[in-house]
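Trainee: One file: target_8.cif (mmCIF, C-alpha atoms and all ligand atoms).
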data_run
#
loop_
_atom_site.label_atom_id
_atom_site.label_comp_id
_atom_site.auth_asym_id
_atom_site.auth_seq_id
_atom_site.Cartn_x
_atom_site.Cartn_y
_atom_site.Cartn_z
CA MET T 1 93.54 121.44 103.33
CA ASP T 2 96.79 119.48 103.24
CA ILE T 3 96.36 115.78 102.52
CA ILE T 4 99.32 113.57 103.29
CA ILE T 5 99.42 110.20 101.55
CA ARG T 6 101.81 107.85 103.32
CA PRO T 7 102.28 104.14 104.13
CA GLU T 8 100.14 102.84 106.99
CA THR T 9 101.83 102.21 110.32
CA ALA T 10 100.84 100.14 113.36
CA ALA T 11 99.63 103.32 115.06
CA ASP T 12 97.01 103.81 112.29
CA ILE T 13 95.31 100.41 112.62
CA THR T 14 92.37 101.43 114.81
CA ALA T 15 91.66 104.47 112.64
CA ILE T 16 91.85 102.35 109.48
CA VAL T 17 89.21 99.95 110.83
CA HIS T 18 87.02 102.97 111.58
CA VAL T 19 87.47 104.37 108.05
CA HIS T 20 86.31 101.13 106.42
CA GLN T 21 83.42 100.62 108.85
CA ARG T 22 82.13 104.16 108.26
CA ALA T 23 82.71 104.21 104.48
CA PHE T 24 81.07 100.84 103.80
CA GLY T 25 78.56 100.99 106.66
CA ARG T 26 79.44 97.47 107.75
CA ASP T 27 82.30 95.43 109.20
CA ASN T 28 83.19 93.18 106.24
CA GLU T 29 85.87 95.33 104.57
CA ALA T 30 87.49 96.30 107.89
CA ARG T 31 87.69 92.60 108.75
CA LEU T 32 89.18 91.83 105.35
CA VAL T 33 91.89 94.46 105.82
CA THR T 34 92.72 93.06 109.27
CA THR T 35 92.93 89.50 107.93
CA LEU T 36 95.11 90.43 104.97
CA ARG T 37 97.50 92.29 107.26
CA ALA T 38 97.66 89.36 109.70
CA GLU T 39 98.45 87.02 106.81
CA ASN T 40 101.09 89.27 105.26
CA ALA T 41 98.96 89.48 102.15
CA ILE T 42 99.51 93.20 101.61
CA ILE T 43 101.74 94.56 98.87
CA LEU T 44 101.08 98.18 99.70
CA ALA T 45 98.76 99.99 102.12
CA LEU T 46 98.49 103.76 102.25
CA VAL T 47 96.57 106.18 104.43
CA ALA T 48 95.37 109.68 103.66
CA GLN T 49 95.95 111.92 106.65
CA VAL T 50 94.33 115.34 107.07
CA ALA T 51 95.74 117.08 110.15
CA GLU T 52 95.33 114.43 112.89
CA THR T 53 92.58 112.51 111.06
CA ILE T 54 93.06 109.32 109.05
CA ALA T 55 90.51 110.15 106.36
CA GLY T 56 91.18 107.36 103.87
CA HIS T 57 92.91 104.04 103.32
CA ILE T 58 93.81 101.88 100.34
CA LEU T 59 95.17 98.39 100.20
CA PHE T 60 96.81 96.45 97.37
CA SER T 61 97.10 92.67 97.73
CA PRO T 62 98.71 89.93 95.65
CA VAL T 63 96.55 88.12 93.11
CA THR T 64 97.45 85.53 90.52
CA ILE T 65 96.25 85.06 86.98
CA SER T 66 96.30 81.49 85.76
CA ASP T 67 95.45 79.89 82.43
CA GLY T 68 95.76 76.44 84.00
CA ALA T 69 99.35 75.99 82.83
CA THR T 70 101.09 79.21 83.82
CA VAL T 71 100.56 81.40 86.88
CA TRP T 72 101.36 85.11 86.67
CA PRO T 73 101.53 87.54 89.60
CA ALA T 74 99.47 90.73 89.63
CA VAL T 75 98.01 93.14 92.15
CA GLY T 76 94.45 93.55 93.36
CA LEU T 77 93.33 97.10 94.22
CA GLY T 78 91.01 97.36 97.19
CA PRO T 79 89.39 97.86 99.41
CA VAL T 80 89.71 101.64 99.25
CA ALA T 81 87.67 103.81 101.57
CA VAL T 82 87.30 107.45 102.55
CA LEU T 83 85.36 108.70 105.60
CA PRO T 84 81.94 109.92 104.41
CA GLU T 85 82.59 113.51 105.53
CA TRP T 86 85.81 113.57 103.49
CA GLN T 87 84.44 112.06 100.27
CA GLN T 88 84.17 113.94 96.96
CA GLN T 89 87.28 115.97 97.70
CA GLY T 90 89.83 113.99 95.73
CA ILE T 91 91.16 111.84 98.58
CA GLY T 92 90.15 108.53 97.00
CA SER T 93 91.77 109.60 93.73
CA SER T 94 94.94 110.66 95.52
CA LEU T 95 95.19 107.29 97.27
CA ILE T 96 94.64 105.36 94.03
CA ARG T 97 97.11 107.47 92.02
CA ALA T 98 99.77 107.31 94.73
CA GLY T 99 99.40 103.54 95.01
CA LEU T 100 99.57 102.95 91.27
CA ALA T 101 102.66 105.16 91.08
CA LYS T 102 104.48 103.10 93.73
CA LEU T 103 103.72 99.61 92.44
CA PRO T 104 106.25 99.40 89.58
CA ALA T 105 109.13 99.95 92.00
CA LEU T 106 107.75 97.04 94.05
CA GLY T 107 107.96 94.84 90.96
CA TYR T 108 104.35 94.92 89.77
CA ASP T 109 103.03 96.12 86.44
CA LEU T 110 99.46 94.82 86.28
CA VAL T 111 96.58 95.80 88.59
CA ILE T 112 93.09 94.32 88.81
CA VAL T 113 90.05 95.97 90.37
CA LEU T 114 86.41 95.10 90.87
CA GLY T 115 84.78 98.50 91.00
CA HIS T 116 82.52 101.04 89.46
CA PRO T 117 83.10 101.42 85.70
CA ASP T 118 82.42 105.17 85.95
CA TYR T 119 85.18 105.70 88.49
CA TYR T 120 88.23 103.60 87.66
CA PRO T 121 88.80 104.38 83.93
CA ARG T 122 90.11 107.82 84.96
CA PHE T 123 93.06 105.99 86.53
CA GLY T 124 93.76 103.92 83.41
CA PHE T 125 91.54 100.91 84.11
CA ARG T 126 89.49 99.15 81.42
CA SER T 127 87.40 96.00 81.30
CA THR T 128 89.38 92.75 81.45
CA GLN T 129 86.91 91.09 79.11
CA PRO T 130 88.69 91.66 75.76
CA TYR T 131 91.86 90.20 77.27
CA GLY T 132 90.35 86.87 78.32
CA ILE T 133 90.89 87.67 81.98
CA ARG T 134 88.02 86.70 84.25
CA TRP T 135 87.22 86.29 87.91
CA GLU T 136 86.04 82.96 89.25
CA VAL T 137 83.03 84.85 90.63
CA ASP T 138 80.42 85.96 88.09
CA VAL T 139 80.45 89.79 88.04
CA PRO T 140 79.38 92.36 85.41
CA ALA T 141 82.12 92.40 82.75
CA GLU T 142 82.50 96.18 82.81
CA ALA T 143 83.10 96.20 86.59
CA PHE T 144 86.09 93.85 86.46
CA MET T 145 88.96 95.97 85.20
CA LEU T 146 92.71 96.02 84.72
CA ALA T 147 95.40 98.63 84.36
CA GLU T 148 98.81 98.07 82.79
CA LEU T 149 101.34 100.15 84.68
CA THR T 150 103.88 99.70 81.94
CA PRO T 151 102.93 99.41 78.28
CA GLY T 152 102.54 95.80 77.22
CA ALA T 153 102.42 94.50 80.79
CA LEU T 154 99.75 91.97 79.87
CA ARG T 155 102.14 90.10 77.56
CA GLY T 156 99.51 87.49 76.74
CA ARG T 157 98.57 86.85 80.35
CA ARG T 158 95.04 85.49 80.42
CA GLY T 159 92.87 83.25 82.47
CA LEU T 160 91.26 83.30 85.88
CA VAL T 161 92.15 85.80 88.61
CA TYR T 162 92.58 84.44 92.13
CA TYR T 163 92.40 86.74 95.15
CA HIS T 164 93.38 85.84 98.71
CA PRO T 165 90.67 83.52 100.13
CA ALA T 166 89.67 86.21 102.66
CA PHE T 167 87.97 88.11 99.81
CA ALA T 168 85.40 85.32 99.60
CA GLU T 169 84.20 86.22 103.11
CA VAL T 170 83.27 89.81 102.17
C1 LIG T 201 84.91 105.25 96.44
C2 LIG T 201 85.60 106.23 97.39
C3 LIG T 201 86.84 105.59 97.97
C4 LIG T 201 85.98 107.46 96.56
O1 LIG T 201 86.64 108.37 97.44
P1 LIG T 201 86.48 109.95 97.25
O2 LIG T 201 87.54 110.59 98.06
O3 LIG T 201 85.07 110.34 97.51
O4 LIG T 201 86.77 110.05 95.70
P2 LIG T 201 87.24 111.33 94.89
O5 LIG T 201 86.84 112.56 95.61
O6 LIG T 201 88.65 111.16 94.52
O7 LIG T 201 86.39 111.12 93.59
C5 LIG T 201 85.02 111.36 93.62
C6 LIG T 201 84.45 110.74 92.37
O8 LIG T 201 84.23 109.36 92.62
C7 LIG T 201 82.93 109.03 92.25
N1 LIG T 201 82.49 107.95 93.10
C8 LIG T 201 82.60 107.84 94.43
N2 LIG T 201 82.08 106.67 94.83
C9 LIG T 201 81.67 106.03 93.74
C10 LIG T 201 81.06 104.79 93.51
N3 LIG T 201 80.76 103.93 94.49
N4 LIG T 201 80.77 104.46 92.24
C11 LIG T 201 81.05 105.31 91.23
N5 LIG T 201 81.64 106.48 91.37
C12 LIG T 201 81.93 106.85 92.63
C13 LIG T 201 82.15 110.28 92.48
O9 LIG T 201 80.97 110.28 91.75
C14 LIG T 201 83.13 111.33 91.97
O10 LIG T 201 83.08 111.36 90.59
P3 LIG T 201 83.26 112.73 89.79
O11 LIG T 201 84.70 113.14 90.06
O12 LIG T 201 83.03 112.34 88.37
O13 LIG T 201 82.28 113.65 90.39
C15 LIG T 201 84.65 106.71 98.52
O14 LIG T 201 83.49 107.26 97.94
C16 LIG T 201 84.24 105.61 99.48
O15 LIG T 201 84.91 105.36 100.47
N6 LIG T 201 83.11 104.95 99.20
C17 LIG T 201 82.61 103.89 100.06
C18 LIG T 201 83.48 102.68 99.96
C19 LIG T 201 83.60 102.16 98.53
O16 LIG T 201 82.60 102.01 97.81
N7 LIG T 201 84.85 101.85 98.10
C20 LIG T 201 85.14 101.42 96.73
C21 LIG T 201 84.98 99.96 96.53
S1 LIG T 201 86.36 99.01 97.15
#
Would you give me this structure, written as structure tokens?
Mentor:
Amino acid sequence: MDIIIRPETAADITAIVHVHQRAFGRDNEARLVTTLRAENAIILALVAQVAETIAGHILFSPVTISDGATVWPAVGLGPVAVLPEWQQQGIGSSLIRAGLAKLPALGYDLVIVLGHPDYYPRFGFRSTQPYGIRWEVDVPAEAFMLAELTPGALRGRRGLVYYHPAFAEV
């Protein structure tokens, strides 16, 4: 099975909606992806293609971290989704690794994710809690994670993380 990881194109949009609807079993994440694209709030969006099928999609959007005085840019990972029949075959991991590898060249060195603490540490994520980085929404500390793409990327950044307002609708 050859999996191609490549940037999304306009021709993929219908398939991407389908991937999120099937993976999450609801419309919320597909709607979020559509809104972020319409508002140019996407830093990077990749699809996983297997033959003619779009089997997975990942989106990275801009977030800010603010301590009230200074605002720093960072990247939010997600949503990421793989069609149920294609899960557990490494596609999600390939999308995440490919995205993280591309972000430094786009000028980003810090990535935030709200996700399962058993899954994301394998990609270099760890809880934000020891670094004084929190989300405005109350979530389990171990599920809110960060990854430095270059050593020392945090450089004392701390405070609240702000996502695009569309995330509040999910
Ligand atoms: C999460 C998701 C993208 C992973 O894609 P995938 O192609 O199945 O992932 P991979 O094959 O690369 O990795 C599978 C691993 O992820 C783990 N995993 C998958 N979903 C998980 C979840 N929700 N929580 C914890 N671990 C999960 C599996 O247990 C497996 O772990 P193992 O390697 O230790 O056995 C996919 O399962 C999916 O689309 N889920 C529904 C949507 C979702 O929850 N997205 C993430 C939140 S934004």
Trainee: Can you tell me which residues sit at most 7 Å away from ligand LIG 201 (chain T), counting all atoms listed in the file, written as a list in words?
Mentor: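 What falls inside 7 Å of ligand LIG 201 (chain T) is Ala23, Phe24, Gly78, Pro79, Val80, Ala81, Val82, Leu83, Pro84, Trp86, Gln87, Gln88, Gln89, Gly90, Ile91, Gly92, Ser93, Ser94, Gly115, His116, Asp118 and Tyr119 of chain T.
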Trainee: Neighbouring residues of segment 4-6 of chain T were defined as those with any atom within 12 Å, considering only C-alpha atoms; residues of the same chain fewer than 4 positions away were excluded. Please report them as an MDAnalysis selection string.
Mentor: chainID T and resid 12 44:59 90:99 102
Trainee: Neighbours of Arg155 of chain T within 12 Å (only C-alpha atoms; same-chain residues fewer than 5 positions away dropped), as a PyMOL selection string?
Mentor: chain T and resi 72+109-110+131+148+150
Trainee: Around the point (100.0, 92.7, 101.9) (coordinates from the file), which residues reach within 10 Å if we count only C-alpha atoms? Answer as JSON, numbers by chain.
Mentor: {"T": [33, 35, 36, 37, 38, 39, 40, 41, 42, 43, 44, 45, 59, 60, 61, 62, 75]}
Trainee: Limited to C-alpha atoms, could you put the picked residues into a file as a tab-separated table (two decimals), keeping the file's coordinate frame?
Mentor:
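Ended up saving to result00.tsv:
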chain	number	residue	atom	x	y	z
T	33	VAL	CA	91.89	94.46	105.82
T	35	THR	CA	92.93	89.50	107.93
T	36	LEU	CA	95.11	90.43	104.97
T	37	ARG	CA	97.50	92.29	107.26
T	38	ALA	CA	97.66	89.36	109.70
T	39	GLU	CA	98.45	87.02	106.81
T	40	ASN	CA	101.09	89.27	105.26
T	41	ALA	CA	98.96	89.48	102.15
T	42	ILE	CA	99.51	93.20	101.61
T	43	ILE	CA	101.74	94.56	98.87
T	44	LEU	CA	101.08	98.18	99.70
T	45	ALA	CA	98.76	99.99	102.12
T	59	LEU	CA	95.17	98.39	100.20
T	60	PHE	CA	96.81	96.45	97.37
T	61	SER	CA	97.10	92.67	97.73
T	62	PRO	CA	98.71	89.93	95.65
T	75	VAL	CA	98.01	93.14	92.15
Trainee: Can you work out the spacing between atom CA of Val139 of chain T and atom CA of Ala69 of chain T in Å, to one decimal?
Mentor: 24.0 Å
Trainee: Residues within 7 Å of Leu146 of chain T, please, as an mmCIF file with C-alpha atoms, in the coordinates of the input. Count all atoms listed in the file; anything in the same chain fewer than 2 positions from it doesn't count.
Mentor:
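Output file out_36.cif follows:
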data_model
loop_
_atom_site.group_PDB
_atom_site.id
_atom_site.type_symbol
_atom_site.label_atom_id
_atom_site.label_comp_id
_atom_site.auth_asym_id
_atom_site.auth_seq_id
_atom_site.Cartn_x
_atom_site.Cartn_y
_atom_site.Cartn_z
ATOM 1 C CA VAL T 111 96.580 95.800 88.590
ATOM 2 C CA ILE T 112 93.090 94.320 88.810
ATOM 3 C CA VAL T 113 90.050 95.970 90.370
ATOM 4 C CA PHE T 125 91.540 100.910 84.110
ATOM 5 C CA ARG T 126 89.490 99.150 81.420
ATOM 6 C CA SER T 127 87.400 96.000 81.300
ATOM 7 C CA THR T 128 89.380 92.750 81.450
ATOM 8 C CA GLU T 148 98.810 98.070 82.790
#
Trainee: Using all atoms listed in the file, pick whichever of T:Ala11, T:Leu103, T:Val63, T:Leu114 has the shortest atom-to-atom distance to Pro165 of chain T.
Mentor: T:Val63
Trainee: Nearest to Phe167 of chain T: which of T:Asn28, T:Gln129, T:Ala153, T:Ala74 is it, counting all atoms listed in the file?
Mentor: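 With all atoms listed in the file as the atom set, the closest residue is T:Asn28.
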Trainee: Atom CA of Glu169 of chain T to atom CA of Glu29 of chain T: how many Å, to one decimal?
Mentor: 9.4 Å
Trainee: Output segment 59-74 of chain T with N, CA and C atoms present, as a PDB file, in the coordinates of the input.
Mentor:
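Final output, selection.pdb:
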ATOM      1  N   LEU T  59      94.351  99.587 100.045  1.00  0.00           N
ATOM      2  CA  LEU T  59      95.170  98.390 100.200  1.00  0.00           C
ATOM      3  C   LEU T  59      95.328  97.710  98.841  1.00  0.00           C
ATOM      4  N   PHE T  60      96.530  97.246  98.566  1.00  0.00           N
ATOM      5  CA  PHE T  60      96.810  96.450  97.370  1.00  0.00           C
ATOM      6  C   PHE T  60      97.308  95.086  97.827  1.00  0.00           C
ATOM      7  N   SER T  61      96.707  94.021  97.292  1.00  0.00           N
ATOM      8  CA  SER T  61      97.100  92.670  97.730  1.00  0.00           C
ATOM      9  C   SER T  61      97.521  91.835  96.523  1.00  0.00           C
ATOM     10  N   PRO T  62      98.286  90.770  96.767  1.00  0.00           N
ATOM     11  CA  PRO T  62      98.710  89.930  95.650  1.00  0.00           C
ATOM     12  C   PRO T  62      97.552  89.111  95.079  1.00  0.00           C
ATOM     13  N   VAL T  63      97.482  89.042  93.778  1.00  0.00           N
ATOM     14  CA  VAL T  63      96.550  88.120  93.110  1.00  0.00           C
ATOM     15  C   VAL T  63      97.373  87.324  92.103  1.00  0.00           C
ATOM     16  N   THR T  64      96.802  86.244  91.618  1.00  0.00           N
ATOM     17  CA  THR T  64      97.450  85.530  90.520  1.00  0.00           C
ATOM     18  C   THR T  64      96.465  85.421  89.371  1.00  0.00           C
ATOM     19  N   ILE T  65      97.041  85.323  88.176  1.00  0.00           N
ATOM     20  CA  ILE T  65      96.250  85.060  86.980  1.00  0.00           C
ATOM     21  C   ILE T  65      96.776  83.736  86.432  1.00  0.00           C
ATOM     22  N   SER T  66      95.858  82.808  86.202  1.00  0.00           N
ATOM     23  CA  SER T  66      96.300  81.490  85.760  1.00  0.00           C
ATOM     24  C   SER T  66      95.473  81.013  84.577  1.00  0.00           C
ATOM     25  N   ASP T  67      96.153  80.494  83.568  1.00  0.00           N
ATOM     26  CA  ASP T  67      95.450  79.890  82.430  1.00  0.00           C
ATOM     27  C   ASP T  67      95.397  78.363  82.579  1.00  0.00           C
ATOM     28  N   GLY T  68      95.777  77.887  83.757  1.00  0.00           N
ATOM     29  CA  GLY T  68      95.760  76.440  84.000  1.00  0.00           C
ATOM     30  C   GLY T  68      97.143  75.837  83.830  1.00  0.00           C
ATOM     31  N   ALA T  69      98.000  76.504  83.045  1.00  0.00           N
ATOM     32  CA  ALA T  69      99.350  75.990  82.830  1.00  0.00           C
ATOM     33  C   ALA T  69     100.388  76.917  83.466  1.00  0.00           C
ATOM     34  N   THR T  70     100.151  78.210  83.303  1.00  0.00           N
ATOM     35  CA  THR T  70     101.090  79.210  83.820  1.00  0.00           C
ATOM     36  C   THR T  70     100.383  80.099  84.835  1.00  0.00           C
ATOM     37  N   VAL T  71     101.113  80.496  85.859  1.00  0.00           N
ATOM     38  CA  VAL T  71     100.560  81.400  86.880  1.00  0.00           C
ATOM     39  C   VAL T  71     101.377  82.683  86.861  1.00  0.00           C
ATOM     40  N   TRP T  72     100.676  83.813  86.695  1.00  0.00           N
ATOM     41  CA  TRP T  72     101.360  85.110  86.670  1.00  0.00           C
ATOM     42  C   TRP T  72     100.959  85.910  87.899  1.00  0.00           C
ATOM     43  N   PRO T  73     101.884  86.671  88.468  1.00  0.00           N
ATOM     44  CA  PRO T  73     101.530  87.540  89.600  1.00  0.00           C
ATOM     45  C   PRO T  73     100.925  88.864  89.110  1.00  0.00           C
ATOM     46  N   ALA T  74     100.015  89.391  89.884  1.00  0.00           N
ATOM     47  CA  ALA T  74      99.470  90.730  89.630  1.00  0.00           C
ATOM     48  C   ALA T  74      99.030  91.288  90.976  1.00  0.00           C
TER      49      ALA T  74
END
